[in-house]
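The structure file model.txt is reproduced below (compact mmCIF, C-alpha atoms).
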# COMPACT_ATOMS: atom_id res chain seq x y z
CA MET L 1 0.00 0.00 0.00
CA SER L 2 0.85 3.69 0.20
CA GLU L 3 2.01 4.50 -3.29
CA ALA L 4 -0.26 7.50 -2.83
CA SER L 5 0.98 10.86 -4.02
CA LEU L 6 -0.66 13.90 -2.45
CA ALA L 7 -1.85 15.00 -5.89
CA ASP L 8 -3.67 11.67 -6.33
CA ILE L 9 -5.29 12.00 -2.91
CA ALA L 10 -6.41 15.55 -3.66
CA GLN L 11 -7.83 14.61 -7.03
CA VAL L 12 -9.72 11.47 -5.89
CA PHE L 13 -11.39 13.12 -2.90
CA ALA L 14 -12.12 16.44 -4.62
CA VAL L 15 -14.11 14.54 -7.25
CA LEU L 16 -15.86 12.46 -4.56
CA SER L 17 -16.71 15.67 -2.73
CA LEU L 18 -18.79 16.89 -5.66
CA VAL L 19 -20.69 13.62 -6.21
CA SER L 20 -21.22 12.68 -2.55
CA ILE L 21 -24.93 13.38 -2.30
CA GLY L 22 -26.06 11.93 1.03
CA GLY L 23 -22.66 12.31 2.70
CA ALA L 24 -20.10 9.68 3.64
CA ASN L 25 -22.54 6.85 4.34
CA ALA L 26 -24.27 7.10 0.97
CA THR L 27 -20.95 7.45 -0.88
CA LEU L 28 -19.25 4.64 1.01
CA PRO L 29 -19.25 2.09 -1.86
CA GLU L 30 -17.64 4.61 -4.23
CA ILE L 31 -15.03 5.65 -1.64
CA ARG L 32 -14.14 1.97 -1.11
CA ARG L 33 -13.90 1.36 -4.85
CA GLN L 34 -11.50 4.28 -5.33
CA VAL L 35 -9.33 3.63 -2.26
CA VAL L 36 -9.15 -0.18 -2.42
CA ASP L 37 -9.84 -1.29 -6.00
CA VAL L 38 -8.70 1.60 -8.19
CA HIS L 39 -5.71 2.96 -6.28
CA GLY L 40 -4.85 0.11 -3.89
CA TRP L 41 -3.99 2.51 -1.06
CA MET L 42 -5.26 0.01 1.53
CA GLY L 43 -6.78 -3.48 1.66
CA ASP L 44 -10.38 -4.37 2.52
CA ALA L 45 -9.51 -5.06 6.17
CA GLY L 46 -7.75 -1.70 6.56
CA PHE L 47 -10.72 0.04 4.98
CA ALA L 48 -13.17 -1.73 7.32
CA ASP L 49 -11.07 -0.64 10.31
CA ALA L 50 -11.02 2.97 9.10
CA PHE L 51 -14.83 2.83 8.77
CA ALA L 52 -15.31 1.47 12.30
CA ILE L 53 -12.91 3.93 13.92
CA SER L 54 -14.40 6.99 12.22
CA HIS L 55 -17.88 5.91 13.35
CA ALA L 56 -16.75 5.42 16.95
CA ALA L 57 -15.20 8.90 16.94
CA PRO L 58 -17.36 12.02 17.20
CA GLY L 59 -17.78 14.30 14.22
CA PRO L 60 -19.07 14.11 10.66
CA ASN L 61 -18.66 10.63 9.15
CA ILE L 62 -16.64 12.24 6.38
CA ILE L 63 -13.62 12.28 8.74
CA MET L 64 -13.20 8.70 7.57
CA VAL L 65 -11.60 10.27 4.50
CA SER L 66 -9.20 12.25 6.71
CA LEU L 67 -8.25 9.04 8.50
CA ILE L 68 -7.59 7.29 5.18
CA GLY L 69 -5.39 10.23 4.11
CA TRP L 70 -3.49 9.98 7.37
CA GLN L 71 -2.99 6.23 7.05
CA VAL L 72 -1.68 6.38 3.47
CA ALA L 73 0.40 9.60 3.58
CA GLY L 74 0.79 10.82 7.16
CA LEU L 75 -0.07 14.32 8.38
CA ALA L 76 0.21 15.86 4.90
CA GLY L 77 -2.16 13.18 3.61
CA LEU L 78 -4.65 13.96 6.38
CA LEU L 79 -4.65 17.68 5.55
CA VAL L 80 -4.85 17.19 1.78
CA ALA L 81 -7.63 14.56 2.02
CA THR L 82 -9.65 16.71 4.43
CA LEU L 83 -9.38 19.87 2.32
CA ALA L 84 -10.15 17.93 -0.87
CA ILE L 85 -13.34 16.36 0.55
CA VAL L 86 -14.53 19.54 2.33
CA VAL L 87 -13.75 22.56 0.15
CA PRO L 88 -15.57 21.71 -3.14
CA SER L 89 -18.90 20.72 -1.56
CA CYS L 90 -18.77 23.58 0.96
CA THR L 91 -18.11 26.10 -1.82
CA LEU L 92 -21.16 24.82 -3.65
CA ALA L 93 -23.24 25.00 -0.46
CA PHE L 94 -22.10 28.61 0.02
CA ILE L 95 -23.15 29.59 -3.50
CA VAL L 96 -26.54 27.90 -3.02
CA SER L 97 -26.96 29.60 0.35
CA ARG L 98 -26.32 33.04 -1.21
CA THR L 99 -28.66 32.32 -4.10
CA LEU L 100 -31.46 31.21 -1.77
CA THR L 101 -30.99 34.29 0.43
CA ARG L 102 -31.15 36.60 -2.58
CA TRP L 103 -34.39 35.01 -3.80
CA ALA L 104 -35.82 34.47 -0.31
CA GLU L 105 -38.91 36.55 -1.10
CA HIS L 106 -39.75 34.49 -4.18
CA PRO L 107 -42.64 32.11 -3.45
CA ALA L 108 -40.88 29.27 -5.27
CA VAL L 109 -38.04 29.31 -2.71
CA GLY L 110 -40.52 28.86 0.13
CA LEU L 111 -42.14 25.95 -1.71
CA VAL L 112 -38.79 24.28 -2.41
CA LYS L 113 -37.85 24.57 1.26
CA ALA L 114 -41.24 23.23 2.37
CA GLY L 115 -40.86 20.36 -0.09
CA LEU L 116 -37.40 19.42 1.18
CA VAL L 117 -38.48 19.06 4.82
CA PRO L 118 -40.41 15.76 4.48
CA VAL L 119 -37.73 14.24 2.22
CA ALA L 120 -34.98 15.10 4.72
CA LEU L 121 -37.07 13.57 7.53
CA GLY L 122 -37.55 10.31 5.64
CA LEU L 123 -33.84 10.10 4.76
CA ILE L 124 -32.70 10.66 8.36
CA LEU L 125 -35.13 7.96 9.46
CA ALA L 126 -33.73 5.64 6.76
CA SER L 127 -30.13 6.25 7.77
CA GLY L 128 -31.04 5.50 11.39
CA VAL L 129 -32.47 2.15 10.35
CA ALA L 130 -29.51 1.41 8.05
CA MET L 131 -27.11 2.19 10.90
CA MET L 132 -29.12 -0.07 13.25
CA ARG L 133 -28.84 -2.86 10.72
CA THR L 134 -25.02 -2.67 10.59
CA ALA L 135 -24.30 -1.65 14.17
CA SER L 136 -26.73 -3.83 16.14
CA GLN L 137 -26.01 -7.43 15.26
CA ASP L 138 -27.14 -8.97 18.57
CA VAL L 139 -29.96 -8.55 21.10
CA ALA L 140 -27.86 -6.28 23.30
CA GLY L 141 -27.07 -4.02 20.34
CA VAL L 142 -30.75 -3.73 19.36
CA CYS L 143 -31.74 -2.95 22.97
CA ILE L 144 -29.05 -0.28 23.24
CA GLY L 145 -30.13 1.24 19.91
CA LEU L 146 -33.84 1.32 20.75
CA GLY L 147 -33.16 2.49 24.30
CA THR L 148 -31.07 5.39 23.01
CA ALA L 149 -33.77 6.28 20.46
CA ALA L 150 -36.41 6.32 23.23
CA PHE L 151 -34.20 8.52 25.41
CA VAL L 152 -33.80 11.06 22.60
CA VAL L 153 -37.54 11.13 21.85
CA LEU L 154 -38.70 11.39 25.48
CA SER L 155 -36.03 13.62 27.00
CA ARG L 156 -34.41 16.97 26.27
CA ARG L 157 -31.32 15.93 28.23
CA ASN L 158 -27.95 15.65 26.53
CA PRO L 159 -27.96 12.36 24.53
CA LEU L 160 -24.37 11.73 25.62
CA TRP L 161 -25.81 10.19 28.82
CA ALA L 162 -27.59 7.53 26.78
CA LEU L 163 -24.53 6.85 24.62
CA ALA L 164 -22.23 6.43 27.62
CA THR L 165 -24.75 4.10 29.29
CA GLY L 166 -25.05 2.04 26.09
CA SER L 167 -21.28 1.66 25.71
CA ALA L 168 -20.86 0.67 29.35
CA ALA L 169 -23.76 -1.81 29.04
CA MET L 170 -22.11 -3.48 26.06
CA VAL L 171 -18.88 -3.93 28.02
CA VAL L 172 -20.85 -5.52 30.90
CA VAL L 173 -22.97 -7.77 28.65
CA ARG L 174 -19.94 -9.06 26.80
CA GLY L 175 -18.26 -9.68 30.16
CA ALA L 176 -15.17 -8.00 28.82
CA MET W 1 -36.94 34.64 9.42
CA THR W 2 -34.01 35.33 11.70
CA ASP W 3 -35.26 38.79 12.69
CA GLY W 4 -33.79 39.87 15.97
CA ARG W 5 -31.69 36.79 16.44
CA VAL W 6 -28.01 37.71 16.58
CA VAL W 7 -25.33 35.06 16.77
CA THR W 8 -21.72 36.24 17.06
CA LYS W 9 -18.75 34.75 15.23
CA ALA W 10 -17.37 33.41 18.51
CA GLY W 11 -20.79 31.97 19.32
CA LEU W 12 -20.97 30.18 15.98
CA PHE W 13 -17.45 28.78 16.28
CA LEU W 14 -17.93 27.59 19.86
CA GLY W 15 -21.38 26.17 19.11
CA PHE W 16 -20.07 24.11 16.20
CA LEU W 17 -16.95 23.17 18.15
CA LYS W 18 -19.29 21.64 20.72
CA ILE W 19 -21.40 19.99 18.01
CA GLY W 20 -18.27 18.42 16.50
CA MET W 21 -16.91 17.35 19.85
CA LEU W 22 -20.16 15.69 20.94
CA GLY W 23 -21.11 14.44 17.50
CA PHE W 24 -20.89 10.71 18.06
CA GLY W 25 -22.68 8.70 15.40
CA GLY W 26 -22.93 11.54 12.94
CA ILE W 27 -23.49 15.21 13.52
CA ALA W 28 -27.18 15.77 12.72
CA PRO W 29 -28.69 14.75 16.11
CA TRP W 30 -26.19 16.92 18.00
CA ALA W 31 -26.54 19.82 15.62
CA ARG W 32 -30.28 19.68 16.20
CA HIS W 33 -29.90 19.41 19.99
CA ILE W 34 -27.56 22.40 20.25
CA ILE W 35 -28.97 24.66 17.52
CA ILE W 36 -32.63 24.24 18.47
CA GLU W 37 -32.84 23.12 22.10
CA GLU W 38 -29.72 24.60 23.66
CA ARG W 39 -28.88 27.83 21.76
CA ARG W 40 -32.22 28.45 20.02
CA TRP W 41 -30.57 29.80 16.87
CA LEU W 42 -33.25 28.35 14.59
CA THR W 43 -36.74 26.88 14.82
CA GLU W 44 -37.37 23.19 14.13
CA LYS W 45 -38.77 24.02 10.65
CA GLU W 46 -35.91 26.35 9.70
CA PHE W 47 -33.40 23.72 10.77
CA ALA W 48 -35.16 20.94 8.86
CA ALA W 49 -35.31 23.09 5.71
CA ILE W 50 -31.58 23.86 5.92
CA LEU W 51 -30.81 20.20 6.57
CA GLY W 52 -33.01 19.30 3.59
CA ILE W 53 -31.07 21.61 1.30
CA GLY W 54 -27.84 20.21 2.75
CA GLN W 55 -29.12 16.70 2.03
CA VAL W 56 -29.72 17.20 -1.71
CA LEU W 57 -26.38 18.96 -2.24
CA PRO W 58 -23.21 16.86 -2.44
CA GLY W 59 -21.22 16.58 0.77
CA PRO W 60 -22.33 15.76 4.32
CA ASN W 61 -25.73 17.34 5.02
CA THR W 62 -24.54 18.83 8.29
CA MET W 63 -21.38 20.30 6.73
CA ASN W 64 -23.58 22.03 4.16
CA ALA W 65 -25.93 23.10 6.95
CA ALA W 66 -22.93 24.53 8.85
CA VAL W 67 -21.98 26.59 5.78
CA MET W 68 -25.52 27.91 5.40
CA ILE W 69 -26.06 28.66 9.10
CA GLY W 70 -22.67 30.40 9.33
CA ASP W 71 -23.38 32.45 6.21
CA ARG W 72 -26.85 33.37 7.44
CA PHE W 73 -25.61 34.92 10.71
CA GLN W 74 -22.05 36.07 9.85
CA GLY W 75 -21.42 35.74 6.10
CA LEU W 76 -18.36 34.02 4.64
CA ALA W 77 -16.35 34.27 7.87
CA GLY W 78 -19.23 32.62 9.74
CA ALA W 79 -19.41 29.79 7.22
CA VAL W 80 -15.67 29.10 7.49
CA LEU W 81 -15.78 29.25 11.30
CA CYS W 82 -18.69 26.80 11.50
CA VAL W 83 -16.98 24.25 9.24
CA LEU W 84 -13.64 24.60 11.06
CA GLY W 85 -15.29 24.36 14.46
CA GLN W 86 -17.14 21.23 13.43
CA LEU W 87 -13.99 19.48 12.12
CA LEU W 88 -11.27 20.50 14.55
CA VAL W 89 -11.82 18.22 17.54
CA PRO W 90 -13.05 15.20 15.52
CA LEU W 91 -9.87 15.26 13.39
CA VAL W 92 -7.66 15.15 16.46
CA ILE W 93 -9.76 12.41 18.07
CA VAL W 94 -10.01 10.21 14.99
CA THR W 95 -6.24 10.20 14.43
CA ALA W 96 -5.62 9.48 18.12
CA LEU W 97 -8.21 6.67 18.00
CA GLY W 98 -6.71 5.34 14.79
CA ALA W 99 -3.27 5.16 16.39
CA ALA W 100 -4.66 3.62 19.60
CA TYR W 101 -6.85 1.11 17.76
CA LEU W 102 -3.86 -0.30 15.89
CA ARG W 103 -2.33 -1.08 19.26
CA PHE W 104 -5.36 -2.23 21.32
CA ALA W 105 -7.73 -3.81 18.78
CA ASP W 106 -7.36 -7.24 20.42
CA VAL W 107 -8.55 -6.08 23.87
CA PRO W 108 -12.20 -7.32 24.18
CA ALA W 109 -13.31 -4.35 26.32
CA VAL W 110 -12.10 -1.89 23.67
CA HIS W 111 -13.98 -3.79 21.00
CA ALA W 112 -17.18 -3.93 23.12
CA LEU W 113 -16.94 -0.20 23.83
CA VAL W 114 -16.72 0.61 20.11
CA VAL W 115 -19.60 -1.76 19.24
CA GLY W 116 -21.76 -0.33 22.06
CA ALA W 117 -21.08 3.23 20.93
CA ALA W 118 -22.00 2.36 17.35
CA ALA W 119 -25.30 0.73 18.45
CA GLY W 120 -26.15 3.78 20.55
CA ALA W 121 -25.28 6.12 17.70
CA ALA W 122 -27.74 4.31 15.44
CA GLY W 123 -30.49 4.76 18.05
CA LEU W 124 -29.56 8.42 18.34
CA VAL W 125 -30.17 9.04 14.64
CA LEU W 126 -33.44 7.08 14.73
CA GLY W 127 -34.72 8.94 17.81
CA THR W 128 -33.80 12.30 16.30
CA ALA W 129 -35.81 11.61 13.15
CA VAL W 130 -38.86 10.57 15.23
CA LYS W 131 -38.52 13.67 17.40
CA MET W 132 -38.25 15.99 14.38
CA ALA W 133 -41.32 14.38 12.81
CA ARG W 134 -43.26 14.84 16.07
CA ASN W 135 -42.30 18.50 16.36
CA ILE W 136 -42.90 19.41 12.71
CA ARG W 137 -46.22 17.53 12.38
CA PRO W 138 -46.10 17.11 8.59
CA ALA W 139 -49.36 17.54 6.67
CA PRO W 140 -50.83 14.27 5.27
CA MET W 141 -49.18 14.51 1.84
CA ALA W 142 -45.83 15.51 3.36
CA LEU W 143 -46.09 12.55 5.71
CA ALA W 144 -46.59 10.29 2.70
CA VAL W 145 -43.40 11.72 1.15
CA THR W 146 -41.50 11.08 4.38
CA GLY W 147 -42.79 7.49 4.40
CA ALA W 148 -41.85 6.99 0.75
CA ALA W 149 -38.31 8.34 1.28
CA PHE W 150 -37.90 6.08 4.29
CA LEU W 151 -39.23 2.98 2.50
CA ALA W 152 -37.19 3.54 -0.67
CA VAL W 153 -33.84 4.23 1.00
CA GLY W 154 -34.17 2.55 4.42
CA VAL W 155 -36.12 -0.62 3.54
CA MET W 156 -35.70 -1.20 -0.21
CA GLU W 157 -32.11 0.15 -0.11
CA TRP W 158 -32.52 1.89 -3.47
CA PRO W 159 -29.73 4.29 -4.50
CA LEU W 160 -30.14 7.73 -3.01
CA VAL W 161 -29.71 9.98 -6.03
CA PRO W 162 -32.66 8.73 -8.15
CA VAL W 163 -34.91 8.53 -5.06
CA VAL W 164 -34.18 12.16 -4.20
CA ALA W 165 -34.55 13.19 -7.85
CA VAL W 166 -38.06 11.71 -7.94
CA LEU W 167 -39.30 12.62 -4.46
CA VAL W 168 -38.16 16.25 -4.23
CA PRO W 169 -40.24 17.47 -7.21
CA LEU W 170 -43.25 15.43 -5.97
CA SER W 171 -42.81 16.90 -2.51
CA ILE W 172 -42.66 20.46 -3.85
CA ILE W 173 -45.87 19.86 -5.79
CA ALA W 174 -47.48 18.44 -2.64
CA ALA W 175 -46.36 21.52 -0.69
CA ALA W 176 -47.91 23.78 -3.33
CA LEU W 177 -51.20 21.84 -3.27
CA GLU W 178 -51.34 21.84 0.51
CA ARG W 179 -50.65 25.58 0.65
CA ARG W 180 -53.49 26.24 -1.77
CA ALA W 181 -55.95 24.00 0.10
Rendering of file as structure tokens:
Amino acid sequence: MSEASLADIAQVFAVLSLVSIGGANATLPEIRRQVVDVHGWMGDAGFADAFAISHAAPGPNIIMVSLIGWQVAGLAGLLVATLAIVVPSCTLAFIVSRTLTRWAEHPAVGLVKAGLVPVALGLILASGVAMMRTASQDVAGVCIGLGTAAFVVLSRRNPLWALATGSAAMVVVRGA
Amino acid sequence: MTDGRVVTKAGLFLGFLKIGMLGFGGIAPWARHIIIEERRWLTEKEFAAILGIGQVLPGPNTMNAAVMIGDRFQGLAGAVLCVLGQLLVPLVIVTALGAAYLRFADVPAVHALVVGAAAGAAGLVLGTAVKMARNIRPAPMALAVTGAAFLAVGVMEWPLVPVVAVLVPLSIIAAALERRA
């Protein structure tokens, strides 16, 4: 592994940045294809580890890309990969934000926003279920997932309490 | 829509720093918790609309939302500060975790901790979606769109791009019809 030049890293992730509708989870198959199959920067096991670690860490799931950059080219790789995945899509979001603000009075903008709300809701719900499917492979996992969901729905307290309890419970259940 | 609400540059940076730091299992639930319940920068509907726009643009929906929220209150500087704040702590943590994991992956307790956190994170996202739906109370047609998006992507596992391309126009038409009714 690690024949990665910084220019290659920048180019691969900058392109991914502009096609990654739905964020890191939705783009995961394409990221894997580029990193493992096309460029051979890491093997399947290394990629699976990077996925697990970036999901156990806080922050946007896209930091998986930063971790991959770090693993294949050190600190410079981390910085280049992060900038490449963040800057193009953020620039586009900025342009869209300005455009929407300029046309805020136009009735069509209000309708587009109203129309996006239910779609976003359904997609968040779907990603919750998809995450449950991968993360909760045993009874304990399902209980922790549903318990955390119930805590969020019923309480305005900081959800970190539920997460910490869930993690501790898994350690106890596994007798580790 | 933001009349009267002033959020400073420092406030934006610190708010998103906290969102990034807490954001286990993806950022959206924490962004919602802090932006709506803790700091009251936006209403539930405003936040959902921004997240919706962020969702159909490329890139993580919450990163796009950070750009738009930053721009809304403090222009370009605000957008940059929100994105930086959101990324800073997670980048340090993920590299530290990556280094530690290589060394301690065989310890069962470490593995159980990571698996437990992942299971909880999934529940967090699920609970957040249910809570948002409860607070927004979508009209009947909007609720049907939410159900369709959920079924298509969450149950049928169809690719996201075509699903969004079909549902967004339908949803806009539904919003227009419901507004007229």
Hey, can you check how far atom CA of Arg39 of chain W sits from atom CA of Gly20 of chain W? 15.1 Å
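The shortest atom-to-atom distance to chain L, with all atoms listed in the file taken into account, belongs to W:Leu126 out of W:Leu126, W:Val164, W:Ala144, W:Ile50.
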W:Ile36, W:Ala100, W:Val80, W:Ile27 ranked by distance to chain L, top pick (using all atoms listed in the file): W:Ile27
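Excluding Ala93 of chain L itself and same-chain residues fewer than 6 positions from it, the residues having an atom within 8 Å of it are Gly54, Leu57, Asn64, Val67 and Met68 of chain W, counting all atoms listed in the file.
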Work out how far atom CA of Phe47 of chain L is from atom CA of Ala122 of chain W, in Å to one decimal. 20.4 Å
With a cut-off of 6 Å, could you pull out the residues of chain W touching chain L and give me the nearest pair of atoms for each, distance in Å to one decimal, using only C-alpha atoms, ordered by chain and ascending number, as CSV?
residue,atom,partner,partner_atom,distance
W:Gly20,CA,L:Gly59,CA,4.7
W:Met21,CA,L:Pro58,CA,6.0
W:Leu22,CA,L:Pro58,CA,5.9
W:Gly23,CA,L:Pro58,CA,4.5
W:Phe24,CA,L:Pro58,CA,3.9
W:Gly25,CA,L:His55,CA,5.9
W:Gly26,CA,L:Pro60,CA,5.2
W:Ile27,CA,L:Pro60,CA,5.4
W:Ala48,CA,L:Val117,CA,5.6
W:Ala49,CA,L:Val117,CA,5.2
W:Gly52,CA,L:Ala120,CA,4.8
W:Gln55,CA,L:Gly22,CA,5.8
W:Leu57,CA,L:Ile21,CA,5.8
W:Pro58,CA,L:Ile21,CA,3.9
W:Gly59,CA,L:Gly23,CA,4.9
W:Pro60,CA,L:Gly23,CA,3.8
W:Asn64,CA,L:Ala93,CA,5.5
W:Met68,CA,L:Ser97,CA,5.5
W:Pro90,CA,L:Gly59,CA,5.0
W:Val94,CA,L:Ala57,CA,5.7
W:Pro108,CA,L:Ala176,CA,5.6
W:Ala109,CA,L:Ala176,CA,4.8
W:Ala112,CA,L:Val171,CA,5.2
W:Leu113,CA,L:Ser167,CA,5.1
W:Val114,CA,L:Ala56,CA,5.8
W:Gly116,CA,L:Ser167,CA,4.2
W:Ala117,CA,L:Ser167,CA,5.0
W:Ala118,CA,L:Ala135,CA,5.6
W:Ala119,CA,L:Ala135,CA,5.0
W:Gly120,CA,L:Gly145,CA,4.8
W:Ala122,CA,L:Met131,CA,5.1
W:Gly123,CA,L:Gly145,CA,4.0
W:Leu124,CA,L:Ala149,CA,5.2
W:Val125,CA,L:Gly128,CA,4.9
W:Leu126,CA,L:Gly128,CA,4.4
W:Gly127,CA,L:Ala149,CA,3.9
W:Ala129,CA,L:Leu125,CA,5.2
W:Lys131,CA,L:Val153,CA,5.2
W:Ala142,CA,L:Pro118,CA,5.5
W:Thr146,CA,L:Gly122,CA,4.2
W:Ala149,CA,L:Gly122,CA,4.8
W:Phe150,CA,L:Gly122,CA,4.5
W:Val153,CA,L:Ala126,CA,5.9
W:Gly154,CA,L:Ala126,CA,3.9
W:Ser171,CA,L:Gly115,CA,4.7
W:Ile172,CA,L:Gly115,CA,4.2
W:Ala175,CA,L:Gly115,CA,5.7
Separation of atom CA of Leu143 of chain W from atom CA of Trp30 of chain W, in Å and rounded to one decimal: 23.8 Å
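Across W:Ala133, W:Ile69, W:Val166, W:Val7, the tightest approach to Ala31 of chain W is made by W:Ile69 when counting only C-alpha atoms.
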Please define a box with edges along x, y and z of the file around all atoms of segment 124-142 of chain W given in the file, extend it by 4 Å on each side, and return its centre and edge lengths in Å to one decimal, as AutoDock Vina command-line options.
--center_x -40.2 --center_y 13.2 --center_z 10.1 --size_x 29.3 --size_y 20.3 --size_z 24.5
